[in-house]
>>> print(open('final14.cif').read())   # mmCIF, C-alpha atoms and all ligand atoms
data_model
loop_
_atom_site.label_atom_id
_atom_site.label_comp_id
_atom_site.auth_asym_id
_atom_site.auth_seq_id
_atom_site.Cartn_x
_atom_site.Cartn_y
_atom_site.Cartn_z
CA MET A 28 -7.68 29.61 -2.27
CA THR A 29 -10.03 28.25 0.40
CA GLU A 30 -8.70 26.64 3.54
CA SER A 31 -9.69 23.18 2.39
CA GLU A 32 -8.12 23.67 -1.06
CA GLU A 33 -4.96 24.85 0.62
CA SER A 34 -4.79 21.93 3.02
CA SER A 35 -5.52 19.44 0.26
CA SER A 36 -2.39 20.44 -1.65
CA VAL A 37 -0.06 19.53 1.19
CA MET A 38 2.16 16.52 0.55
CA PRO A 39 3.16 14.00 3.18
CA GLY A 40 6.13 15.20 5.12
CA THR A 41 5.55 18.88 4.51
CA SER A 42 3.79 21.41 6.61
CA GLN A 43 3.44 23.94 3.82
CA GLY A 44 2.20 23.79 0.25
CA ALA A 45 3.03 20.96 -2.14
CA VAL A 46 5.46 23.13 -4.13
CA GLU A 47 7.83 22.99 -1.18
CA ALA A 48 10.58 20.45 -1.78
CA LEU A 49 10.71 17.50 0.61
CA THR A 50 14.01 17.12 2.39
CA GLY A 51 13.16 13.89 4.15
CA LEU A 52 15.28 11.92 6.59
CA ASP A 53 19.00 12.31 7.12
CA ALA A 54 21.05 9.34 5.92
CA GLU A 55 21.80 8.11 9.42
CA THR A 56 18.14 7.94 10.47
CA LEU A 57 17.12 6.25 7.24
CA ASN A 58 19.88 3.66 7.54
CA MET A 59 18.94 3.00 11.14
CA MET A 60 15.35 2.37 10.11
CA LEU A 61 16.40 0.05 7.29
CA GLU A 62 18.72 -1.88 9.59
CA THR A 63 16.00 -2.23 12.18
CA ILE A 64 13.59 -3.68 9.65
CA ARG A 65 16.30 -5.96 8.31
CA ASP A 66 17.55 -7.23 11.66
CA VAL A 67 14.75 -6.94 14.19
CA VAL A 68 11.89 -7.94 11.94
CA ARG A 69 13.74 -10.73 10.20
CA ASP A 70 14.79 -12.11 13.58
CA ALA A 71 11.24 -11.94 14.84
CA ILE A 72 9.78 -13.96 12.01
CA SER A 73 11.56 -16.91 10.47
CA ASP A 74 11.24 -18.09 6.88
CA GLU A 75 9.40 -21.16 8.14
CA ARG A 76 6.84 -19.00 9.94
CA LEU A 77 6.37 -16.83 6.85
CA LEU A 78 5.75 -19.89 4.73
CA GLN A 79 3.27 -21.26 7.26
CA LEU A 80 1.38 -17.98 7.41
CA ASP A 81 1.30 -17.90 3.62
CA HIS A 82 0.01 -21.43 3.53
CA ASP A 83 -2.67 -20.59 6.11
CA ASP A 84 -3.58 -17.29 4.38
CA GLU A 85 -3.07 -15.54 7.70
CA CYS A 86 -2.07 -11.95 8.46
CA PRO A 87 0.35 -11.66 11.42
CA VAL A 88 -1.67 -8.84 12.98
CA ASP A 89 0.51 -8.53 16.09
CA MET A 90 3.56 -8.05 13.96
CA VAL A 91 1.87 -5.43 11.78
CA ARG A 92 0.83 -3.63 14.97
CA ASP A 93 4.38 -3.80 16.31
CA MET A 94 5.68 -2.34 13.06
CA CYS A 95 3.13 0.48 13.11
CA GLY A 96 3.26 1.06 16.85
CA ASP A 97 5.61 1.71 19.73
CA LYS A 98 8.03 -1.08 18.90
CA LEU A 99 9.18 0.03 15.43
CA GLY A 100 7.12 3.10 14.60
CA ILE A 101 7.31 2.75 10.81
CA GLN A 102 4.14 4.82 10.49
CA LEU A 103 6.16 7.80 11.76
CA LEU A 104 7.99 7.82 8.44
CA PHE A 105 4.81 8.85 6.65
CA ILE A 106 3.62 11.45 9.14
CA PRO A 107 4.73 15.10 8.97
CA GLU A 108 6.91 16.27 11.85
CA GLU A 109 4.33 18.76 13.09
CA TYR A 110 2.02 15.84 13.94
CA GLY A 111 4.71 13.87 15.74
CA GLY A 112 6.07 11.97 12.72
CA MET A 113 9.44 11.94 11.00
CA GLY A 114 8.37 13.60 7.75
CA GLY A 115 9.99 11.10 5.38
CA ALA A 116 10.31 12.03 1.70
CA THR A 117 9.21 9.79 -1.17
CA ILE A 118 12.76 8.56 -1.60
CA ASP A 119 12.82 7.41 2.06
CA VAL A 120 9.47 5.72 1.68
CA TYR A 121 10.75 3.88 -1.41
CA ARG A 122 13.74 2.53 0.51
CA VAL A 123 11.65 1.41 3.47
CA CYS A 124 8.93 -0.17 1.30
CA GLN A 125 11.57 -2.04 -0.69
CA GLU A 126 13.07 -3.40 2.52
CA MET A 127 9.71 -4.53 3.81
CA ALA A 128 8.77 -6.10 0.46
CA SER A 129 11.98 -8.09 0.43
CA LEU A 130 10.86 -9.56 3.75
CA ASP A 131 7.30 -10.31 2.67
CA LEU A 132 4.85 -8.59 0.35
CA GLY A 133 1.88 -9.23 2.59
CA ILE A 134 3.46 -7.58 5.62
CA ALA A 135 4.66 -4.71 3.42
CA THR A 136 1.12 -4.33 2.06
CA SER A 137 -0.40 -4.15 5.54
CA VAL A 138 1.97 -1.37 6.56
CA LEU A 139 1.51 0.46 3.26
CA ALA A 140 -2.28 0.09 3.52
CA THR A 141 -2.39 1.90 6.82
CA PHE A 142 -0.56 4.76 5.18
CA LEU A 143 -2.79 4.65 2.11
CA GLY A 144 -5.83 4.64 4.39
CA SER A 145 -4.71 7.88 5.92
CA ASP A 146 -3.92 9.49 2.53
CA PRO A 147 -7.29 11.20 2.20
CA ILE A 148 -6.47 12.87 5.54
CA PHE A 149 -3.01 13.99 4.41
CA PHE A 150 -4.40 15.42 1.21
CA GLY A 151 -7.85 16.57 2.13
CA ALA A 152 -8.40 17.15 5.84
CA THR A 153 -8.66 20.48 7.60
CA PRO A 154 -5.72 21.43 9.85
CA GLU A 155 -7.81 20.52 12.93
CA GLN A 156 -8.72 17.11 11.52
CA LYS A 157 -5.09 16.44 10.60
CA SER A 158 -3.98 17.39 14.05
CA GLN A 159 -6.50 15.00 15.57
CA TRP A 160 -6.12 11.97 13.29
CA LEU A 161 -2.46 12.16 12.32
CA THR A 162 -1.27 12.83 15.85
CA GLU A 163 -3.32 9.87 17.03
CA MET A 164 -1.72 7.74 14.31
CA ALA A 165 1.77 8.88 15.33
CA GLU A 166 1.18 8.37 19.03
CA ARG A 167 -0.94 5.25 19.08
CA GLY A 168 -0.10 3.52 15.81
CA VAL A 169 -3.75 3.40 14.78
CA LEU A 170 -4.16 1.04 11.80
CA TYR A 171 -6.06 2.39 8.81
CA ALA A 172 -7.71 0.89 5.72
CA TYR A 173 -8.53 2.71 2.49
CA GLY A 174 -12.07 2.00 1.29
CA ALA A 175 -12.48 3.12 -2.31
CA THR A 176 -13.06 0.03 -4.49
CA GLU A 177 -16.51 -1.52 -4.82
CA PRO A 178 -17.72 -4.64 -6.64
CA GLU A 179 -18.68 -2.48 -9.62
CA ALA A 180 -16.27 0.42 -9.15
CA GLY A 181 -12.58 -0.37 -9.43
CA SER A 182 -10.64 1.45 -12.16
CA ASP A 183 -13.67 3.68 -12.61
CA LEU A 184 -14.23 5.04 -9.12
CA GLY A 185 -16.82 7.51 -10.41
CA ALA A 186 -19.20 4.54 -10.71
CA LEU A 187 -19.29 4.06 -6.94
CA LYS A 188 -22.66 3.20 -5.42
CA THR A 189 -22.00 3.73 -1.71
CA THR A 190 -24.06 6.67 -0.56
CA ALA A 191 -23.72 9.27 2.20
CA THR A 192 -27.11 10.68 3.07
CA PRO A 193 -27.09 13.82 5.24
CA VAL A 194 -28.79 13.59 8.64
CA LEU A 195 -30.36 16.88 9.72
CA THR A 196 -30.65 18.04 13.32
CA ASP A 197 -32.44 21.35 13.86
CA GLY A 198 -32.16 22.03 10.12
CA LYS A 199 -28.37 21.58 10.07
CA VAL A 200 -26.33 18.61 8.84
CA SER A 201 -25.16 16.79 11.94
CA GLY A 202 -23.88 13.69 10.20
CA TYR A 203 -24.32 11.19 7.38
CA ARG A 204 -25.73 7.69 6.96
CA LEU A 205 -23.45 5.50 4.87
CA ASN A 206 -24.88 2.62 2.85
CA GLY A 207 -23.03 0.36 0.45
CA ARG A 208 -20.26 -2.17 0.07
CA LYS A 209 -16.49 -2.00 -0.41
CA GLN A 210 -14.42 -4.76 -1.98
CA TRP A 211 -10.79 -5.99 -1.68
CA ILE A 212 -9.84 -3.59 1.08
CA SER A 213 -6.33 -4.15 2.46
CA ASN A 214 -6.41 -4.30 6.28
CA GLY A 215 -10.21 -4.48 5.82
CA GLY A 216 -10.63 -7.01 8.61
CA ILE A 217 -8.01 -5.68 11.03
CA ALA A 218 -7.98 -1.86 10.85
CA ASP A 219 -9.00 0.44 13.70
CA LYS A 220 -10.12 3.24 11.39
CA TYR A 221 -11.30 3.36 7.79
CA THR A 222 -11.44 6.08 5.18
CA ILE A 223 -14.53 5.43 3.11
CA LEU A 224 -15.38 7.01 -0.22
CA ALA A 225 -19.12 7.60 -0.58
CA SER A 226 -21.42 9.70 -2.75
CA ALA A 227 -22.81 12.70 -0.85
CA PRO A 228 -25.32 15.10 -2.46
CA ASP A 229 -22.45 17.29 -3.79
CA GLY A 230 -20.37 14.34 -5.00
CA PRO A 231 -17.95 11.64 -3.81
CA SER A 232 -16.47 12.45 -0.41
CA TRP A 233 -14.19 10.74 2.12
CA PHE A 234 -15.37 9.89 5.61
CA VAL A 235 -13.36 8.59 8.57
CA LEU A 236 -15.09 5.66 10.21
CA ASP A 237 -14.23 3.81 13.42
CA ARG A 238 -14.24 0.05 13.59
CA GLY A 239 -17.13 -1.10 15.74
CA THR A 240 -19.53 1.60 14.57
CA GLU A 241 -23.07 0.21 14.47
CA GLY A 242 -24.01 -1.20 11.07
CA PHE A 243 -20.38 -1.46 9.91
CA THR A 244 -19.15 -5.03 9.37
CA GLN A 245 -16.19 -6.71 7.72
CA ASN A 246 -16.11 -9.96 5.80
CA ARG A 247 -13.62 -12.78 6.29
CA PRO A 248 -10.35 -12.28 4.37
CA GLU A 249 -10.10 -13.19 0.68
CA ASP A 250 -8.24 -16.38 -0.17
CA LYS A 251 -5.84 -14.69 -2.60
CA HIS A 252 -3.34 -16.01 -5.14
CA GLY A 253 -0.53 -14.05 -3.53
CA ILE A 254 0.35 -11.42 -0.90
CA ARG A 255 -1.44 -13.84 1.38
CA LEU A 256 -0.09 -12.38 4.62
CA SER A 257 -2.06 -9.19 4.01
CA ASN A 258 -5.67 -9.11 5.12
CA THR A 259 -7.95 -8.19 2.18
CA ALA A 260 -11.64 -8.05 3.02
CA ALA A 261 -15.00 -6.69 1.90
CA LEU A 262 -16.73 -4.05 4.04
CA PHE A 263 -20.48 -3.69 4.53
CA LEU A 264 -22.13 -0.41 5.45
CA ASP A 265 -25.73 -0.67 6.56
CA ASP A 266 -27.10 2.67 7.66
CA VAL A 267 -23.85 3.55 9.42
CA PHE A 268 -23.93 6.96 11.13
CA VAL A 269 -20.82 9.18 10.95
CA PRO A 270 -20.76 12.60 12.60
CA VAL A 271 -20.37 15.60 10.28
CA GLY A 272 -16.90 16.23 11.72
CA ASN A 273 -15.74 13.00 10.09
CA LEU A 274 -16.32 14.36 6.57
CA VAL A 275 -12.72 14.82 5.40
CA GLY A 276 -12.04 18.46 4.64
CA ASP A 277 -15.51 19.52 5.86
CA VAL A 278 -16.61 19.93 2.22
CA GLU A 279 -18.52 17.42 0.09
CA GLY A 280 -17.54 16.50 -3.47
CA GLN A 281 -13.73 16.57 -3.11
CA GLY A 282 -13.26 12.80 -2.87
CA LEU A 283 -12.16 11.91 -6.40
CA ILE A 284 -9.82 14.91 -6.60
CA GLN A 285 -8.28 13.91 -3.28
CA ALA A 286 -7.96 10.29 -4.46
CA GLN A 287 -6.21 11.36 -7.69
CA LYS A 288 -3.66 13.44 -5.80
CA VAL A 289 -1.92 10.46 -4.31
CA PHE A 290 -1.43 8.03 -7.15
CA GLY A 291 1.95 9.30 -8.37
CA TYR A 292 3.22 8.72 -4.87
CA THR A 293 1.42 5.48 -4.02
CA ARG A 294 2.23 3.92 -7.39
CA VAL A 295 5.92 4.49 -6.69
CA MET A 296 5.40 2.69 -3.39
CA VAL A 297 3.76 -0.29 -5.10
CA ALA A 298 6.57 -0.25 -7.69
CA THR A 299 9.06 -0.73 -4.86
CA PHE A 300 7.21 -3.90 -3.92
CA GLY A 301 8.10 -5.42 -7.30
CA LEU A 302 11.67 -4.28 -6.81
CA GLY A 303 11.99 -5.58 -3.24
CA ALA A 304 10.38 -8.96 -3.91
CA GLY A 305 12.23 -9.38 -7.22
CA TRP A 306 15.61 -8.70 -5.62
CA ALA A 307 14.86 -10.95 -2.64
CA ALA A 308 14.20 -13.83 -5.04
CA LEU A 309 17.27 -12.98 -7.10
CA ASP A 310 19.53 -12.87 -4.04
CA ARG A 311 18.44 -16.35 -3.11
CA ALA A 312 18.82 -17.65 -6.65
CA ILE A 313 22.34 -16.24 -6.88
CA GLN A 314 23.28 -17.75 -3.54
CA TYR A 315 21.80 -21.09 -4.58
CA SER A 316 23.63 -21.06 -7.90
CA THR A 317 26.99 -20.95 -6.11
CA THR A 318 26.25 -24.21 -4.31
CA ARG A 319 24.30 -26.18 -6.89
CA ILE A 320 26.76 -28.35 -8.79
CA GLN A 321 25.82 -29.44 -12.31
CA GLY A 322 28.24 -31.13 -14.70
CA GLY A 323 31.05 -30.78 -12.18
CA ALA A 324 30.76 -27.02 -11.56
CA PRO A 325 28.42 -24.59 -9.80
CA LEU A 326 25.59 -23.13 -11.87
CA SER A 327 27.00 -19.68 -11.17
CA GLU A 328 29.95 -20.51 -13.44
CA LYS A 329 27.79 -21.42 -16.42
CA GLN A 330 26.91 -18.64 -18.83
CA GLY A 331 23.80 -20.48 -20.00
CA TYR A 332 22.53 -20.01 -16.45
CA THR A 333 23.86 -16.59 -15.53
CA HIS A 334 23.09 -14.95 -18.89
CA LYS A 335 19.60 -16.33 -19.11
CA LEU A 336 18.39 -16.47 -15.53
CA ILE A 337 20.39 -13.90 -13.59
CA VAL A 338 21.69 -11.05 -15.74
CA PRO A 339 18.44 -10.18 -17.61
CA ASN A 340 16.55 -10.01 -14.31
CA VAL A 341 19.22 -7.85 -12.69
CA VAL A 342 19.06 -5.50 -15.67
CA ARG A 343 15.26 -5.27 -15.62
CA LEU A 344 15.09 -4.70 -11.87
CA GLU A 345 17.86 -2.10 -11.89
CA ALA A 346 16.22 -0.25 -14.81
CA ALA A 347 13.03 -0.19 -12.76
CA ARG A 348 14.97 1.08 -9.74
CA ALA A 349 16.46 3.92 -11.79
CA PHE A 350 13.01 4.99 -12.93
CA ILE A 351 11.54 4.70 -9.42
CA GLU A 352 14.34 6.89 -8.08
CA SER A 353 13.82 9.45 -10.80
CA VAL A 354 10.06 9.72 -10.14
CA ALA A 355 10.57 9.79 -6.36
CA THR A 356 13.17 12.55 -6.70
CA ARG A 357 10.84 14.59 -8.93
CA ILE A 358 7.95 14.19 -6.48
CA ASP A 359 10.21 15.31 -3.64
CA ALA A 360 11.29 18.31 -5.70
CA GLY A 361 7.64 19.41 -5.80
CA GLU A 362 6.77 18.31 -9.35
CA GLY A 363 4.02 15.93 -8.28
CA VAL A 364 1.47 18.55 -7.29
CA ASP A 365 -2.16 17.45 -7.71
CA GLY A 366 -1.23 14.12 -9.27
CA ALA A 367 0.99 15.65 -11.99
CA LEU A 368 3.26 12.60 -11.93
CA ASN A 369 0.53 9.96 -11.80
CA THR A 370 1.45 8.62 -15.24
CA GLU A 371 5.12 8.40 -14.31
CA GLY A 372 4.09 6.61 -11.11
CA ALA A 373 2.11 4.13 -13.23
CA ILE A 374 5.13 3.57 -15.50
CA ALA A 375 7.35 2.91 -12.48
CA LYS A 376 4.80 0.47 -11.11
CA TYR A 377 4.43 -1.32 -14.44
CA LEU A 378 8.19 -1.55 -14.99
CA ALA A 379 9.01 -2.83 -11.51
CA THR A 380 6.11 -5.23 -11.07
CA GLU A 381 6.72 -6.68 -14.53
CA ALA A 382 10.42 -7.03 -13.70
CA GLY A 383 9.74 -8.71 -10.35
CA PRO A 384 7.61 -11.75 -11.24
CA PRO A 385 9.90 -13.35 -13.88
CA THR A 386 12.72 -13.31 -11.34
CA PRO A 387 11.38 -16.02 -9.01
CA ARG A 388 9.74 -17.80 -11.94
CA SER A 389 13.01 -18.22 -13.74
CA ARG A 390 14.95 -19.37 -10.72
CA PRO A 391 15.93 -23.02 -10.50
CA THR A 392 13.10 -25.31 -9.53
CA ALA A 393 14.87 -26.85 -6.55
CA ASP A 394 13.87 -25.55 -3.14
CA THR A 395 15.59 -22.24 -2.45
CA GLY A 396 12.88 -21.18 0.03
CA THR A 397 11.64 -17.74 -1.00
CA PRO A 398 9.07 -16.16 1.27
CA ALA A 399 9.18 -12.89 -0.66
CA SER A 400 8.23 -14.70 -3.81
CA THR A 401 5.19 -16.28 -2.20
CA TRP A 402 3.55 -13.43 -4.06
CA TRP A 403 3.55 -15.62 -7.10
CA ARG A 404 3.48 -19.13 -5.78
CA ARG A 405 2.22 -20.83 -2.71
CA SER A 406 4.72 -22.39 -0.37
CA ASP A 407 3.80 -25.92 -1.38
CA GLY A 408 4.92 -25.08 -4.91
CA THR A 409 1.44 -25.17 -6.42
CA SER A 410 -0.40 -22.22 -7.89
CA ALA A 411 -3.26 -20.99 -5.74
CA SER A 412 -6.71 -21.88 -7.05
CA PRO A 413 -8.59 -18.84 -8.33
CA ARG A 414 -11.25 -18.80 -5.66
CA SER A 415 -11.15 -15.02 -5.30
CA THR A 416 -11.90 -14.46 -8.94
CA LYS A 417 -10.71 -10.89 -9.41
CA ALA A 418 -7.97 -10.47 -6.86
CA HIS A 419 -4.61 -9.91 -8.53
CA PRO A 420 -1.41 -8.80 -6.82
CA ARG A 421 -0.60 -6.07 -9.29
CA SER A 422 -3.99 -4.47 -9.52
CA TRP A 423 -3.66 -2.35 -6.42
CA ARG A 424 -3.86 0.95 -8.23
C1 LIG A 501 -4.53 -7.45 -3.09
C2 LIG A 501 -5.41 -6.28 -3.35
C3 LIG A 501 -5.50 -5.26 -2.42
C4 LIG A 501 -6.33 -4.16 -2.65
N1 LIG A 501 -6.42 -3.18 -1.71
C5 LIG A 501 -7.28 -2.16 -1.90
C6 LIG A 501 -7.47 -1.17 -0.87
O1 LIG A 501 -6.81 -1.19 0.18
N2 LIG A 501 -8.39 -0.20 -1.08
C7 LIG A 501 -9.13 -0.13 -2.23
O2 LIG A 501 -9.93 0.78 -2.35
N3 LIG A 501 -8.97 -1.06 -3.23
C8 LIG A 501 -8.08 -2.06 -3.08
N4 LIG A 501 -7.94 -3.01 -4.07
C9 LIG A 501 -8.74 -2.91 -5.27
C10 LIG A 501 -7.95 -2.38 -6.46
O3 LIG A 501 -7.66 -1.03 -6.29
C11 LIG A 501 -8.80 -2.65 -7.69
O4 LIG A 501 -8.71 -4.05 -7.89
C12 LIG A 501 -8.35 -1.89 -8.88
O5 LIG A 501 -8.72 -0.56 -8.73
C13 LIG A 501 -8.94 -2.43 -10.18
O6 LIG A 501 -10.32 -2.54 -10.06
P1 LIG A 501 -11.07 -3.90 -10.46
O7 LIG A 501 -10.41 -5.03 -9.74
O8 LIG A 501 -12.54 -3.68 -10.26
O9 LIG A 501 -10.77 -4.10 -12.01
P2 LIG A 501 -11.57 -3.49 -13.22
O10 LIG A 501 -11.75 -2.04 -13.02
O11 LIG A 501 -12.79 -4.33 -13.45
O12 LIG A 501 -10.53 -3.74 -14.37
C14 LIG A 501 -10.36 -5.05 -14.94
C15 LIG A 501 -9.35 -4.93 -16.07
O13 LIG A 501 -9.85 -4.04 -17.08
C16 LIG A 501 -8.91 -2.99 -17.32
N5 LIG A 501 -9.64 -1.75 -17.55
C17 LIG A 501 -10.49 -1.15 -16.68
N6 LIG A 501 -10.96 -0.01 -17.22
C18 LIG A 501 -10.37 0.13 -18.41
C19 LIG A 501 -10.43 1.11 -19.43
N7 LIG A 501 -11.19 2.21 -19.31
N8 LIG A 501 -9.69 0.93 -20.54
C20 LIG A 501 -8.90 -0.16 -20.67
N9 LIG A 501 -8.80 -1.12 -19.75
C21 LIG A 501 -9.52 -0.99 -18.63
C22 LIG A 501 -8.06 -2.90 -16.07
O14 LIG A 501 -6.76 -2.41 -16.35
C23 LIG A 501 -8.00 -4.34 -15.61
O15 LIG A 501 -6.99 -5.05 -16.30
C24 LIG A 501 -7.09 -4.09 -3.86
C25 LIG A 501 -7.00 -5.13 -4.80
C26 LIG A 501 -6.18 -6.19 -4.56
C27 LIG A 501 -6.11 -7.29 -5.57
#
>>> encode(input="final14.cif", output="structure tokens", more="lines below")
Ligand SMILES: Cc1cc2nc3c(=O)[nH]c(=O)nc-3n(C[C@H](O)[C@H](O)[C@H](O)COP(=O)(O)OP(=O)(O)OC[C@H]3O[C@@H](n4cnc5c(N)ncnc54)[C@H](O)[C@@H]3O)c2cc1C
Amino acid sequence: MTESEESSSVMPGTSQGAVEALTGLDAETLNMMLETIRDVVRDAISDERLLQLDHDDECPVDMVRDMCGDKLGIQLLFIPEEYGGMGGATIDVYRVCQEMASLDLGIATSVLATFLGSDPIFFGATPEQKSQWLTEMAERGVLYAYGATEPEAGSDLGALKTTATPVLTDGKVSGYRLNGRKQWISNGGIADKYTILASAPDGPSWFVLDRGTEGFTQNRPEDKHGIRLSNTAALFLDDVFVPVGNLVGDVEGQGLIQAQKVFGYTRVMVATFGLGAGWAALDRAIQYSTTRIQGGAPLSEKQGYTHKLIVPNVVRLEAARAFIESVATRIDAGEGVDGALNTEGAIAKYLATEAGPPTPRSRPTADTGTPASTWWRRSDGTSASPRSTKAHPRSWR
């Protein structure tokens, strides 16, 4: 096994090979993190502010930076201990993502996106590159974005058109010129660093790119139907120079393999978004049903209400939770090597994101105020107009 093959089989939170089981956080640390998100973050941003940001299609960048920086340090969960992180396991990540999603899907997406953006490094970088980029992420809370999708390359990433042309100095490759366009990139307009998938002579490869590099520009954010607090933007690469040291793993042609390695894991994370948002809406609907009097009694005492609008959603969400936990546990036990549980991750994502949306939709129409469910409806109660024609909350891999 070459050094790059060896390093590319390492899972987040481990310092050895992917077959090593992930132990993750102890219960006390995990609970402390969950409580912090619940209390500190909720206190810092009111429902009214969330609804306003949703209405304005605005990402609260300062808050995302606080969450991924000194103040909360959520990024540490994803970073192996040897690089200054906490080495969280998939099961920890699921709990934290669920908590964030129950607050707001856009904020959760921004935090998840910075982790996703650094995935090619976790799975593909050389030990030296990991030490440089992951330590920097742990210490300085550098925000990342993951640049894979293009206007004509979404599900089929092999169709990508962005190119990486080698630049020779004294007959040796000293860097690459990137040319192309990326589409619907979470954190696209706010990240400090970007991982960009581009076609090099030996095949698709990941490159780490700094914001502000000459020729690299970002579009204004998409006006999306939902998850409106997350910044989703197109990226333009016009003859952008990246030094050879920024080729992830130091070997060309590993990009699609590296991308495939993460989907079991990242799909579980997206699944937790459906779970977190679905439960947040349900909690509010249940609370509301105890106070809303119809025909002389609260809705919560009427079986026509509970058996149609509450119980089926609880059942669907809890079934999704059980499957998420089973996949997360298997990944942590080392079964997910090289994307072996990608299909299970997709099933978890499908189950949970299908279970989530009907929950707020079937709640009573009166105002229960549900920032988490702004995923599906705007705060003024209308559906968003489809100005960004392809953007869809559930299509994020
Ligand atoms: C909010 C949001 C955030 C995103 N963030 C990121 C990000 O951070 N980084 C990034 O790289 N990308 C990101 N994306 C892009 C996302 O990953 C793509 O939208 C996704 O990969 C699907 O690609 P597409 O939109 O081009 O759809 P298409 O590939 O055009 O697919 C359209 C439809 O056709 C179906 N389909 C496609 N191929 C087949 C097939 N072979 N057989 C049957 N059905 C098929 C799909 O399931 C889908 O329903 C984001 C998207 C959204 C909406």
>>> closest_residue(input="final14.cif", among="A:Asn206, A:Gln330, A:Thr176, A:Thr318", to="ligand LIG 501 (chain A)", atoms="only C-alpha atoms and all ligand atoms")
A:Thr176
>>> residues_near_ligand(input="final14.cif", ligand="ligand LIG 501 (chain A)", cutoff="9 Å", atoms="all atoms listed in the file", output="ChimeraX atom specification")
/A:133,136-137,140-141,143-144,172-184,209-215,223-224,249,251-255,257-260,417-424
>>> closest_residue(input="final14.cif", among="A:Leu77, A:Val88, A:Gly168, A:Ile351", to="Leu104 in chain A", atoms="only C-alpha atoms")
A:Gly168
>>> atom_distance(input="final14.cif", atom1="CA of Val267 in chain A", atom2="CA of Arg167 in chain A")
24.9 Å
>>> atom_distance(input="final14.cif", atom1="CA of Pro147 in chain A", atom2="CA of Val278 in chain A")
12.8 Å
